[in-house]
>>> print(open('run22.txt').read())   # compact mmCIF, C-alpha atoms
# COMPACT_ATOMS: atom_id res chain seq x y z
CA MET A 685 -44.94 24.17 31.63
CA PRO A 686 -43.85 21.23 33.76
CA TRP A 687 -44.20 23.31 36.94
CA ILE A 688 -47.98 23.19 36.55
CA GLY A 689 -47.93 19.44 36.99
CA ARG A 690 -45.46 19.80 39.86
CA LYS A 691 -47.51 22.60 41.43
CA ASP A 692 -44.37 24.51 42.31
CA PRO A 693 -45.24 27.92 43.83
CA GLU A 694 -41.73 29.31 43.25
CA ALA A 695 -41.89 28.50 39.53
CA PHE A 696 -45.37 29.98 39.38
CA GLU A 697 -44.05 33.19 40.90
CA VAL A 698 -41.46 33.43 38.14
CA PHE A 699 -44.21 32.80 35.61
CA TYR A 700 -46.27 35.63 37.10
CA ASP A 701 -43.28 37.97 37.12
CA ARG A 702 -42.76 37.34 33.41
CA HIS A 703 -46.33 37.61 32.18
CA GLY A 704 -48.30 39.30 34.95
CA GLY A 705 -47.52 42.81 33.77
CA VAL A 706 -48.78 42.46 30.22
CA ALA A 707 -51.71 40.36 31.44
CA TYR A 708 -52.74 43.07 33.89
CA SER A 709 -52.33 45.73 31.20
CA LEU A 710 -54.59 43.75 28.89
CA ALA A 711 -57.22 43.23 31.59
CA TYR A 712 -57.12 46.93 32.43
CA ARG A 713 -57.37 47.84 28.74
CA ILE A 714 -60.50 45.72 28.40
CA LEU A 715 -62.17 46.48 31.73
CA GLY A 716 -61.04 50.06 32.28
CA GLU A 717 -60.97 49.69 36.09
CA ARG A 718 -58.06 48.72 38.29
CA GLY A 719 -60.13 46.73 40.77
CA ALA A 720 -61.86 44.74 38.05
CA ALA A 721 -58.53 44.14 36.31
CA GLU A 722 -56.98 42.85 39.55
CA ASP A 723 -59.88 40.46 40.14
CA CYS A 724 -59.63 39.27 36.56
CA ILE A 725 -55.89 38.57 36.86
CA GLN A 726 -56.30 36.83 40.20
CA GLU A 727 -58.98 34.53 38.78
CA ALA A 728 -57.20 33.90 35.49
CA PHE A 729 -53.85 33.07 37.08
CA ILE A 730 -55.42 30.85 39.72
CA SER A 731 -57.24 28.98 36.96
CA ILE A 732 -53.87 28.52 35.20
CA TRP A 733 -52.29 27.33 38.47
CA ARG A 734 -55.07 24.80 38.96
CA SER A 735 -55.29 23.78 35.32
CA GLY A 736 -52.87 20.90 35.84
CA GLY A 737 -50.98 21.37 32.58
CA LYS A 738 -53.69 21.89 29.96
CA PHE A 739 -51.32 24.10 27.99
CA ASP A 740 -50.72 22.75 24.49
CA ALA A 741 -47.37 23.95 23.14
CA ALA A 742 -48.46 23.05 19.61
CA ARG A 743 -51.07 25.82 19.70
CA GLY A 744 -48.83 28.74 20.60
CA SER A 745 -46.58 30.20 23.21
CA VAL A 746 -47.21 30.15 26.96
CA ARG A 747 -47.60 33.90 26.81
CA SER A 748 -50.26 33.92 24.09
CA TRP A 749 -52.09 31.08 25.88
CA THR A 750 -52.02 33.04 29.12
CA LEU A 751 -53.18 36.24 27.46
CA SER A 752 -56.02 34.46 25.69
CA ILE A 753 -57.22 33.16 29.09
CA VAL A 754 -57.01 36.67 30.54
CA ARG A 755 -58.76 38.19 27.54
CA ASN A 756 -61.60 35.64 27.63
CA ARG A 757 -62.12 36.17 31.35
CA ALA A 758 -62.11 39.94 31.00
CA ILE A 759 -64.59 39.79 28.12
CA ASP A 760 -66.84 37.55 30.21
CA VAL A 761 -66.74 40.14 33.00
CA LEU A 762 -67.50 42.88 30.50
CA ARG A 763 -70.45 40.97 29.10
CA SER A 764 -71.81 40.28 32.55
CA LYS A 765 -71.99 44.01 33.14
CA ALA A 766 -74.99 44.74 30.98
CA GLY A 767 -74.82 47.92 29.00
CA LYS A 768 -71.17 48.61 29.72
CA ALA A 769 -69.37 50.01 26.71
CA PRO A 770 -65.75 49.01 26.14
CA LYS A 771 -63.00 51.52 26.62
CA MET A 772 -62.20 52.68 23.14
CA THR A 773 -58.91 54.50 23.25
CA PHE A 774 -56.00 53.19 21.27
CA ASP A 775 -53.95 56.06 20.04
CA ASP A 776 -50.19 56.38 19.83
CA ASP A 777 -49.96 58.82 22.72
CA GLU A 778 -51.46 56.27 25.05
CA ILE A 779 -49.22 53.41 24.06
CA ILE A 780 -46.06 53.95 26.03
CA GLU A 781 -43.52 51.49 27.26
CA SER A 782 -42.84 52.74 30.76
CA ARG A 783 -39.80 50.70 31.76
CA PRO A 784 -36.31 51.82 30.79
CA ALA A 785 -34.66 49.76 28.07
CA ASP A 786 -31.67 48.70 30.19
CA GLU A 787 -33.98 46.76 32.52
CA LEU A 788 -35.34 44.64 29.76
CA THR A 789 -34.22 41.14 28.90
CA ASP A 790 -33.62 40.14 25.28
CA GLU A 791 -36.98 38.41 25.22
CA GLU A 792 -38.74 41.49 26.51
CA ALA A 793 -36.83 43.64 24.07
CA MET A 794 -38.06 41.43 21.24
CA ARG A 795 -41.60 41.75 22.53
CA ASN A 796 -41.18 45.51 22.65
CA GLU A 797 -40.04 45.41 19.07
CA THR A 798 -43.15 43.42 18.16
CA ALA A 799 -45.29 45.83 20.15
CA THR A 800 -43.73 48.75 18.30
CA GLU A 801 -44.46 47.07 14.97
CA VAL A 802 -48.06 46.39 15.95
CA ARG A 803 -48.53 49.94 17.15
CA GLY A 804 -47.02 51.16 13.92
CA ALA A 805 -49.27 48.90 11.91
CA LEU A 806 -52.34 49.96 13.86
CA SER A 807 -51.50 53.62 13.46
CA GLN A 808 -51.23 53.17 9.74
CA LEU A 809 -54.52 51.34 9.46
CA PRO A 810 -57.49 53.32 8.25
CA ASP A 811 -59.47 54.28 11.32
CA GLU A 812 -62.45 52.16 10.33
CA GLN A 813 -60.31 49.01 10.10
CA SER A 814 -58.54 49.69 13.40
CA LYS A 815 -61.86 50.33 15.12
CA VAL A 816 -63.52 47.04 14.13
CA ILE A 817 -60.46 45.07 15.27
CA GLN A 818 -60.37 46.87 18.61
CA LEU A 819 -64.10 46.47 19.16
CA ALA A 820 -63.81 42.74 18.52
CA TYR A 821 -60.60 42.02 20.43
CA PHE A 822 -60.78 44.47 23.33
CA GLY A 823 -64.53 44.90 23.47
CA GLY A 824 -65.62 41.32 22.81
CA PHE A 825 -68.18 42.45 20.24
CA SER A 826 -69.21 40.21 17.37
CA GLN A 827 -69.28 41.37 13.76
CA SER A 828 -73.07 41.72 13.85
CA GLU A 829 -72.92 43.82 17.01
CA ILE A 830 -70.18 46.01 15.52
CA ALA A 831 -72.22 46.48 12.34
CA GLY A 832 -75.13 47.65 14.49
CA MET A 833 -72.95 49.97 16.59
CA LEU A 834 -71.27 51.58 13.60
CA ASN A 835 -74.41 51.48 11.51
CA VAL A 836 -72.67 49.83 8.56
CA PRO A 837 -73.52 46.64 6.64
CA LEU A 838 -72.25 43.36 8.13
CA GLY A 839 -70.27 42.64 4.98
CA THR A 840 -68.42 45.91 5.42
CA VAL A 841 -67.37 44.98 8.97
CA LYS A 842 -66.20 41.56 7.76
CA GLY A 843 -64.10 43.09 5.00
CA ARG A 844 -62.56 45.74 7.26
CA MET A 845 -61.69 43.18 9.89
CA ARG A 846 -59.93 40.87 7.47
CA LEU A 847 -58.12 43.67 5.65
CA GLY A 848 -56.97 45.21 8.91
CA LEU A 849 -55.63 41.95 10.30
CA GLU A 850 -53.90 41.12 7.01
CA LYS A 851 -52.13 44.48 7.12
CA ILE A 852 -50.94 44.01 10.70
CA ARG A 853 -49.75 40.52 9.82
CA GLY A 854 -47.96 41.91 6.77
CA GLU A 855 -46.17 44.51 8.88
CA LEU A 856 -45.08 41.84 11.35
CA ALA A 857 -43.83 39.65 8.52
CA GLU A 858 -41.77 42.54 7.16
CA GLY A 859 -40.35 43.19 10.58
CA LEU A 860 -39.30 39.58 10.92
CA ALA A 861 -37.81 39.44 7.42
CA MET B 985 -67.89 25.78 -2.74
CA ASN B 986 -67.12 28.56 -5.25
CA ALA B 987 -64.45 31.26 -4.86
CA ASN B 988 -66.87 33.86 -3.46
CA ASP B 989 -68.15 31.43 -0.87
CA HIS B 990 -64.60 30.71 0.17
CA ASP B 991 -63.79 34.42 0.44
CA ASN B 992 -66.65 34.60 2.90
CA ARG B 993 -65.07 31.77 4.85
CA LEU B 994 -61.75 33.61 4.92
CA GLU B 995 -63.50 36.67 6.33
CA GLU B 996 -65.03 34.44 8.98
CA VAL B 997 -61.57 33.06 9.78
CA ALA B 998 -60.29 36.61 10.38
CA ALA B 999 -63.24 37.34 12.66
CA TYR B 1000 -62.74 34.03 14.44
CA ALA B 1001 -59.05 34.78 15.00
CA VAL B 1002 -59.76 38.14 16.60
CA GLY B 1003 -62.68 36.83 18.64
CA GLY B 1004 -65.33 38.70 16.67
CA LEU B 1005 -67.22 35.91 14.94
CA ASP B 1006 -70.89 35.75 15.84
CA ARG B 1007 -71.28 33.01 18.45
CA ASP B 1008 -73.82 31.02 16.45
CA GLN B 1009 -71.31 30.73 13.59
CA VAL B 1010 -68.35 29.49 15.59
CA ALA B 1011 -69.24 25.77 15.54
CA ASP B 1012 -69.98 25.88 11.81
CA LEU B 1013 -66.63 27.51 11.04
CA GLU B 1014 -64.73 25.11 13.28
CA ASN B 1015 -66.29 22.20 11.36
CA HIS B 1016 -65.20 23.82 8.12
CA LEU B 1017 -61.71 24.50 9.45
CA ALA B 1018 -61.25 20.86 10.34
CA GLY B 1019 -61.38 19.92 6.65
CA CYS B 1020 -60.10 23.01 4.85
CA LYS B 1021 -56.35 23.40 4.52
CA ARG B 1022 -56.60 26.86 2.99
CA CYS B 1023 -58.59 28.21 5.91
CA GLN B 1024 -56.25 26.47 8.36
CA GLU B 1025 -53.33 28.20 6.65
CA GLU B 1026 -55.12 31.55 6.83
CA LEU B 1027 -55.77 31.08 10.56
CA ARG B 1028 -52.12 30.14 11.16
CA TRP B 1029 -51.00 33.17 9.15
CA LEU B 1030 -53.24 35.64 11.01
CA SER B 1031 -52.68 34.26 14.53
CA PRO B 1032 -49.42 36.14 15.21
CA ALA B 1033 -51.17 39.42 14.39
CA VAL B 1034 -53.88 38.70 16.94
CA GLN B 1035 -51.38 37.43 19.53
CA ALA B 1036 -49.40 40.65 19.13
CA LEU B 1037 -52.40 42.90 19.90
CA PRO B 1038 -52.11 42.70 23.71
CA GLU B 1039 -48.37 43.43 23.47
CA ALA B 1040 -49.21 46.83 22.00
CA VAL B 1041 -51.40 47.82 24.92
CA GLU B 1042 -50.16 50.61 27.18
CA ARG B 1043 -48.34 49.00 30.08
CA GLN B 1044 -49.89 49.33 33.49
CA ALA B 1045 -47.91 48.21 36.51
CA PRO B 1046 -49.96 45.75 38.55
CA PRO B 1047 -50.07 46.67 42.25
CA PRO B 1048 -47.69 44.61 44.43
CA GLU B 1049 -50.67 43.59 46.59
CA LEU B 1050 -52.08 41.70 43.61
CA LYS B 1051 -49.02 39.46 43.49
CA GLN B 1052 -49.12 39.03 47.28
CA ARG B 1053 -52.76 37.96 47.19
CA LEU B 1054 -52.20 35.66 44.26
CA MET B 1055 -49.15 33.98 45.78
CA ALA B 1056 -50.89 33.62 49.15
CA GLU B 1057 -53.69 31.72 47.40
CA VAL B 1058 -51.22 29.64 45.39
CA ARG B 1059 -49.20 28.71 48.48
CA ALA B 1060 -52.36 27.88 50.44
CA ASP B 1061 -53.41 25.69 47.52
CA ALA B 1062 -50.04 23.94 47.44
CA ALA B 1063 -50.12 23.38 51.21
CA ALA B 1064 -53.63 21.93 50.98
CA ASP B 1065 -52.51 19.61 48.17
CA GLU B 1066 -49.58 18.48 50.28
CA ARG B 1067 -51.84 17.83 53.27
CA ARG B 1068 -54.24 15.84 51.10
CA ALA B 1069 -51.35 13.80 49.69
CA ARG B 1070 -50.03 13.07 53.19
CA THR B 1071 -53.47 12.07 54.45
CA GLU B 1072 -53.94 9.80 51.46
CA GLU B 1073 -50.52 8.25 52.02
CA HIS B 1074 -51.31 7.61 55.67
CA ARG B 1075 -54.68 6.15 54.77
CA GLU B 1076 -53.12 3.79 52.22
CA ARG B 1077 -50.47 2.73 54.70
CA ALA B 1078 -53.08 2.13 57.39
CA GLU B 1079 -55.19 0.09 54.97
CA SER B 1080 -52.22 -1.97 53.87
CA ARG B 1081 -51.31 -2.75 57.50
CA PRO B 1082 -53.21 -5.90 58.58
CA ALA B 1083 -55.38 -5.88 61.65
CA ILE B 1084 -53.12 -6.63 64.58
CA GLY B 1085 -54.87 -9.93 65.38
CA GLU B 1086 -54.31 -11.14 61.83
CA TRP B 1087 -50.81 -9.79 61.95
CA LEU B 1088 -49.98 -11.68 65.11
CA ARG B 1089 -51.50 -14.88 63.77
CA GLY B 1090 -49.48 -14.46 60.60
CA LEU B 1091 -46.17 -13.98 62.38
CA ASN B 1092 -43.60 -16.61 61.75
CA ILE B 1093 -41.99 -17.27 65.10
CA GLY B 1094 -38.93 -19.30 64.37
CA GLY B 1095 -40.94 -21.24 61.83
CA LEU B 1096 -43.94 -21.63 64.15
CA THR B 1097 -47.22 -19.83 63.90
CA TRP B 1098 -48.18 -17.76 66.90
CA LYS B 1099 -51.14 -19.61 68.38
CA PRO B 1100 -53.26 -17.84 70.98
CA LEU B 1101 -53.08 -19.61 74.28
CA THR B 1102 -56.49 -20.26 75.72
CA GLY B 1103 -57.19 -19.60 79.37
CA LEU B 1104 -54.57 -16.93 79.70
CA ALA B 1105 -55.87 -13.53 80.70
CA VAL B 1106 -53.45 -11.48 78.70
CA ALA B 1107 -53.92 -7.82 78.06
CA ILE B 1108 -52.34 -6.98 74.76
CA LEU B 1109 -51.35 -3.42 74.31
CA VAL B 1110 -51.88 -3.05 70.65
CA ILE B 1111 -51.79 0.05 68.64
CA ALA B 1112 -52.83 -0.47 65.07
CA GLY B 1113 -53.43 1.69 62.05
CA GLY B 1114 -51.02 4.41 63.03
CA ILE B 1115 -53.43 5.82 65.60
CA GLY B 1116 -52.64 6.16 69.26
CA TYR B 1117 -48.90 6.15 69.26
CA ALA B 1118 -46.57 9.03 68.87
CA VAL B 1119 -43.41 9.11 66.86
CA GLY B 1120 -40.87 11.84 67.18
CA ASN B 1121 -37.30 12.82 67.58
CA GLY B 1122 -36.13 12.77 71.15
CA GLY B 1123 -35.33 16.22 72.43
CA GLY B 1124 -31.67 17.02 72.07
CA SER B 1125 -30.59 13.46 71.39
CA GLY B 1126 -29.42 13.97 67.84
CA GLY B 1127 -30.83 11.25 65.61
CA ALA B 1128 -32.91 9.57 68.33
CA HIS B 1129 -36.31 8.38 67.20
CA THR B 1130 -39.01 7.63 69.71
CA THR B 1131 -42.11 5.49 69.32
CA GLU B 1132 -44.33 5.89 72.32
CA VAL B 1133 -47.48 4.05 73.25
CA PRO B 1134 -49.66 5.87 75.76
CA VAL B 1135 -50.83 4.05 78.85
CA ALA B 1136 -53.48 1.59 77.75
CA ALA B 1137 -56.45 0.08 79.56
CA ASN B 1138 -54.17 -2.48 81.20
CA GLY B 1139 -52.19 0.37 82.76
CA ILE B 1140 -49.03 -0.33 80.79
CA GLY B 1141 -47.18 2.33 78.85
CA ALA B 1142 -44.36 1.61 76.43
CA LYS B 1143 -41.66 3.59 74.69
CA VAL B 1144 -39.06 2.49 72.16
CA VAL B 1145 -36.17 4.92 71.67
CA THR B 1146 -34.06 4.17 68.63
CA GLU B 1147 -30.72 5.77 67.88
CA ASP B 1148 -28.72 4.57 64.93
CA ASP B 1149 -29.37 0.82 64.98
CA ARG B 1150 -29.66 0.51 68.76
CA GLY B 1151 -32.87 0.67 70.71
CA GLU B 1152 -34.14 0.85 74.25
CA LEU B 1153 -37.52 -0.38 75.40
CA HIS B 1154 -39.03 1.28 78.46
CA LEU B 1155 -42.20 0.04 80.09
CA THR B 1156 -44.23 1.56 82.90
CA GLY B 1157 -47.05 0.13 84.99
CA VAL B 1158 -45.84 -3.47 84.77
CA GLU B 1159 -47.16 -5.81 87.44
CA GLN B 1160 -44.66 -7.66 89.59
CA LEU B 1161 -43.82 -11.05 88.14
CA PRO B 1162 -44.64 -14.30 89.89
CA LYS B 1163 -41.70 -16.32 91.06
CA GLY B 1164 -39.90 -18.12 88.26
CA ARG B 1165 -41.05 -15.70 85.53
CA ILE B 1166 -39.13 -13.07 83.61
CA LEU B 1167 -39.87 -10.50 80.88
CA GLU B 1168 -38.55 -11.22 77.44
CA ALA B 1169 -38.65 -8.84 74.49
CA TRP B 1170 -39.02 -9.88 70.87
CA VAL B 1171 -38.49 -8.04 67.64
CA GLU B 1172 -40.29 -8.62 64.37
CA ARG B 1173 -37.94 -8.29 61.43
CA ASP B 1174 -38.98 -9.15 57.86
CA GLY B 1175 -41.91 -11.19 59.18
CA ILE B 1176 -39.75 -13.25 61.55
CA VAL B 1177 -39.92 -12.88 65.34
CA GLU B 1178 -36.54 -13.03 67.09
CA PRO B 1179 -35.78 -12.97 70.82
CA VAL B 1180 -33.93 -10.05 72.40
CA PRO B 1181 -31.12 -11.58 74.48
CA ALA B 1182 -31.34 -9.19 77.46
CA LEU B 1183 -34.06 -10.50 79.81
CA PHE B 1184 -35.53 -8.02 82.24
CA ALA B 1185 -37.90 -7.54 85.15
CA PRO B 1186 -39.92 -4.65 86.56
CA ASP B 1187 -38.65 -2.63 89.51
CA GLN B 1188 -40.78 -1.82 92.55
CA ALA B 1189 -42.35 1.13 90.72
CA GLY B 1190 -43.40 -1.09 87.83
CA ARG B 1191 -40.74 0.27 85.44
CA ALA B 1192 -38.89 -2.15 83.22
CA SER B 1193 -36.27 -1.53 80.55
CA THR B 1194 -34.16 -3.54 78.19
CA THR B 1195 -31.73 -2.83 75.39
CA ILE B 1196 -32.23 -4.00 71.83
CA GLU B 1197 -28.80 -4.10 70.22
CA ASP B 1198 -29.98 -4.38 66.63
CA MET B 1199 -33.02 -2.41 65.57
CA LYS B 1200 -32.26 -2.56 61.87
CA ASP B 1201 -35.41 -3.33 59.82
CA VAL B 1202 -37.40 -3.98 62.99
CA SER B 1203 -41.10 -3.30 62.44
CA ALA B 1204 -42.41 -4.14 65.93
CA VAL B 1205 -41.20 -4.79 69.45
CA MET B 1206 -43.17 -7.13 71.71
CA VAL B 1207 -42.88 -8.35 75.29
CA THR B 1208 -44.01 -11.62 76.84
CA ARG B 1209 -43.77 -13.18 80.27
CA GLU B 1210 -41.51 -16.21 80.05
CA PRO B 1211 -40.05 -18.82 82.42
CA ALA B 1212 -36.93 -17.63 84.23
CA GLY B 1213 -33.97 -18.02 81.88
CA GLY B 1214 -36.06 -16.97 78.88
CA SER B 1215 -37.35 -18.86 75.92
CA LYS B 1216 -36.15 -19.37 72.39
CA LYS B 1217 -39.71 -18.93 71.21
CA PRO B 1218 -42.55 -17.08 72.93
CA THR B 1219 -44.73 -19.28 75.04
CA THR B 1220 -47.37 -16.66 75.80
CA GLU B 1221 -49.05 -13.95 73.83
CA PRO B 1222 -47.35 -10.56 74.05
CA PHE B 1223 -48.84 -8.10 76.50
CA VAL B 1224 -47.07 -5.25 74.75
CA VAL B 1225 -46.76 -4.67 71.01
CA VAL B 1226 -45.12 -1.50 69.79
CA PRO B 1227 -45.19 -0.97 66.01
CA VAL B 1228 -41.98 0.80 65.00
CA GLU B 1229 -41.91 3.26 62.13
CA THR B 1230 -39.15 2.20 59.74
>>> encode(input="run22.txt", output="structure tokens")
Amino acid sequence: MPWIGRKDPEAFEVFYDRHGGVAYSLAYRILGERGAAEDCIQEAFISIWRSGGKFDAARGSVRSWTLSIVRNRAIDVLRSKAGKAPKMTFDDDEIIESRPADELTDEEAMRNETATEVRGALSQLPDEQSKVIQLAYFGGFSQSEIAGMLNVPLGTVKGRMRLGLEKIRGELAEGLA
Amino acid sequence: MNANDHDNRLEEVAAYAVGGLDRDQVADLENHLAGCKRCQEELRWLSPAVQALPEAVERQAPPPELKQRLMAEVRADAAADERRARTEEHRERAESRPAIGEWLRGLNIGGLTWKPLTGLAVAILVIAGGIGYAVGNGGGSGGAHTTEVPVAANGIGAKVVTEDDRGELHLTGVEQLPKGRILEAWVERDGIVEPVPALFAPDQAGRASTTIEDMKDVSAVMVTREPAGGSKKPTTEPFVVVPVET
């Protein structure tokens, strides 16, 4: 992202237009409140703007880097609110792509395809595997905390988490094949 | 490490990838990852699955005000950076510009060093370090560039108006000259002081002007009082020095 070094506001605006929507959706999914999600996005994107080019292309795409920053910030906010339970809805009815297909670029269309595959994979996962993945990723809970919440042995949580992720990865691999 | 132990590690890798590894185990796993190709491969394999999770989230349209607030902060940040850079640039330029006394002593005037003349009560209008003089484009005069020195303690004000490579020097508050004396302007170009051919004298109101035909690469304009007919080299210290922005 050479614009980070250049500190070019116009380029940053394009960057926000491309990734701000999914970033906001992720923050809202984790925090469950619009105001908190907006604050989270504002802080995360400003930290990216001021980061001066810390992005390492070898470790993933700009989008996944951005979303990991948003996710970490949102989880920090969640943890700072003691006793707040994560929003735990992730069913097919809720996962809707709202924009019409003819407005989407090829890149977005590919992401939609990936999203569809992930949703498909998640819907096919046994509920207990899906739940531990969601609690970890969207709730920021550790395996030990999840074991306590679900009242199951730690080893069981570990196994479910790995199996669930392997299945999602397998579905993605098939989709790409 | 036996196979069962390594299966445990692979489970930790999955938890690490999805952000669910217990915090006190993260450092230990990262140490292991650094030396274990199999676990590195597992992490690389699982990463796309984790990266795809946020893509599957129900889309929420961010409010337009969020973008407005964000961009306002970004633009304010960029403007502040620009201001800081400009200030720094000015500071560096000011620091690199020698003190005017040293600068005058260092001038090469036709191969001679400018030596202060003792016993002469000369008031030197000196503006150093970029402070105290204004530079701007003359109103409505196309590419005109003005360097103006406000009236100093000796009551003299100076203005150099440059357009293309031609310049005009305007002085105000100049005392009448004694008989047999004239004003002569000098330009400093590439460290060498050269005389301006057009000699001049103040009018009754103390205004004096002369034309400088070639302002190219001139970094300062100076004025001295010289014997009638002018001098090839200054014989007195300048009572006006106007640094010119190049």
>>> atom_distance(input="run22.txt", atom1="CA of Tyr821 (chain A)", atom2="CA of Gly1003 (chain B)")
5.9 Å
>>> residues_around(input="run22.txt", residues="Gly1213 (chain B)", least_positions_apart="4", cutoff="9 Å", atoms="all atoms listed in the file", output="PDB file with C-alpha atoms, in the frame of the given file")
ATOM      1  CA  GLY B1164     -39.900 -18.120  88.260  1.00  0.00           C
ATOM      2  CA  ARG B1165     -41.050 -15.700  85.530  1.00  0.00           C
ATOM      3  CA  ILE B1166     -39.130 -13.070  83.610  1.00  0.00           C
ATOM      4  CA  LEU B1183     -34.060 -10.500  79.810  1.00  0.00           C
TER       5      LEU B1183
END
>>> atom_distance(input="run22.txt", atom1="CA of Glu1172 (chain B)", atom2="CA of Ala1189 (chain B)")
28.2 Å
>>> atom_distance(input="run22.txt", atom1="CA of Glu850 (chain A)", atom2="CA of Ala707 (chain A)")
24.5 Å
>>> residues_around(input="run22.txt", residues="Val1010 (chain B)", least_positions_apart="6", cutoff="12 Å", atoms="all atoms listed in the file", output="list in words")
Ser826 of chain A; Arg993, Glu996, Val997, Ala998, Ala999, Tyr1000, Ala1001, Gly1003, Gly1004, His1016 and Leu1017 of chain B
>>> write_last_selection(input="run22.txt", atoms="C-alpha atoms", output="compact mmCIF listing (two decimals), keeping the file's coordinate frame")
# COMPACT_ATOMS: atom_id res chain seq x y z
CA SER A 826 -69.21 40.21 17.37
CA ARG B 993 -65.07 31.77 4.85
CA GLU B 996 -65.03 34.44 8.98
CA VAL B 997 -61.57 33.06 9.78
CA ALA B 998 -60.29 36.61 10.38
CA ALA B 999 -63.24 37.34 12.66
CA TYR B 1000 -62.74 34.03 14.44
CA ALA B 1001 -59.05 34.78 15.00
CA GLY B 1003 -62.68 36.83 18.64
CA GLY B 1004 -65.33 38.70 16.67
CA HIS B 1016 -65.20 23.82 8.12
CA LEU B 1017 -61.71 24.50 9.45
>>> closest_residue(input="run22.txt", among="A:Ile732, A:Leu809, A:Ile753, A:Leu856", to="chain B", atoms="all atoms listed in the file")
A:Leu856
>>> residues_around(input="run22.txt", residues="Glu801 (chain A)", least_positions_apart="4", cutoff="7 Å", atoms="all atoms listed in the file", output="MDAnalysis selection string")
chainID A and resid 797 805 855:856
>>> write_last_selection(input="run22.txt", atoms="C-alpha atoms", output="PDB file, keeping the file's coordinate frame")
ATOM      1  CA  GLU A 797     -40.040  45.410  19.070  1.00  0.00           C
ATOM      2  CA  ALA A 805     -49.270  48.900  11.910  1.00  0.00           C
ATOM      3  CA  GLU A 855     -46.170  44.510   8.880  1.00  0.00           C
ATOM      4  CA  LEU A 856     -45.080  41.840  11.350  1.00  0.00           C
TER       5      LEU A 856
END
>>> closest_residue(input="run22.txt", among="B:Ser1203, B:Gln1052, B:Thr1219, B:Gln1044", to="Ala721 (chain A)", atoms="only C-alpha atoms")
B:Gln1044
>>> closest_residue(input="run22.txt", among="A:Val698, A:Met833, A:Leu849, A:Val746", to="Leu806 (chain A)", atoms="only C-alpha atoms")
A:Leu849
>>> closest_residue(input="run22.txt", among="B:Asn1015, B:Gln1035, B:Gln1009, B:Gln1024", to="chain A", atoms="all atoms listed in the file")
B:Gln1035
>>> interface_residues(input="run22.txt", of="chain A", to="chain B", cutoff="7 Å", atoms="only C-alpha atoms", output="CSV table (one decimal) with C-alpha atoms, in the coordinates of the input")
chain,number,residue,atom,x,y,z
A,691,LYS,CA,-47.5,22.6,41.4
A,693,PRO,CA,-45.2,27.9,43.8
A,705,GLY,CA,-47.5,42.8,33.8
A,706,VAL,CA,-48.8,42.5,30.2
A,708,TYR,CA,-52.7,43.1,33.9
A,709,SER,CA,-52.3,45.7,31.2
A,710,LEU,CA,-54.6,43.8,28.9
A,722,GLU,CA,-57.0,42.8,39.6
A,726,GLN,CA,-56.3,36.8,40.2
A,748,SER,CA,-50.3,33.9,24.1
A,778,GLU,CA,-51.5,56.3,25.0
A,779,ILE,CA,-49.2,53.4,24.1
A,780,ILE,CA,-46.1,54.0,26.0
A,781,GLU,CA,-43.5,51.5,27.3
A,782,SER,CA,-42.8,52.7,30.8
A,798,THR,CA,-43.2,43.4,18.2
A,799,ALA,CA,-45.3,45.8,20.2
A,800,THR,CA,-43.7,48.8,18.3
A,802,VAL,CA,-48.1,46.4,16.0
A,803,ARG,CA,-48.5,49.9,17.2
A,820,ALA,CA,-63.8,42.7,18.5
A,821,TYR,CA,-60.6,42.0,20.4
A,824,GLY,CA,-65.6,41.3,22.8
A,825,PHE,CA,-68.2,42.4,20.2
A,826,SER,CA,-69.2,40.2,17.4
A,827,GLN,CA,-69.3,41.4,13.8
A,828,SER,CA,-73.1,41.7,13.8
A,842,LYS,CA,-66.2,41.6,7.8
A,843,GLY,CA,-64.1,43.1,5.0
A,845,MET,CA,-61.7,43.2,9.9
A,846,ARG,CA,-59.9,40.9,7.5
A,849,LEU,CA,-55.6,42.0,10.3
A,850,GLU,CA,-53.9,41.1,7.0
A,852,ILE,CA,-50.9,44.0,10.7
A,853,ARG,CA,-49.8,40.5,9.8
>>> axis_aligned_box(input="run22.txt", around="region 1026-1037 of chain B", padding_each_side="4 Å", output="lines of an AutoDock Vina configuration file")
center_x = -52.6
center_y = 36.5
center_z = 13.4
size_x = 14.4
size_y = 20.8
size_z = 21.1
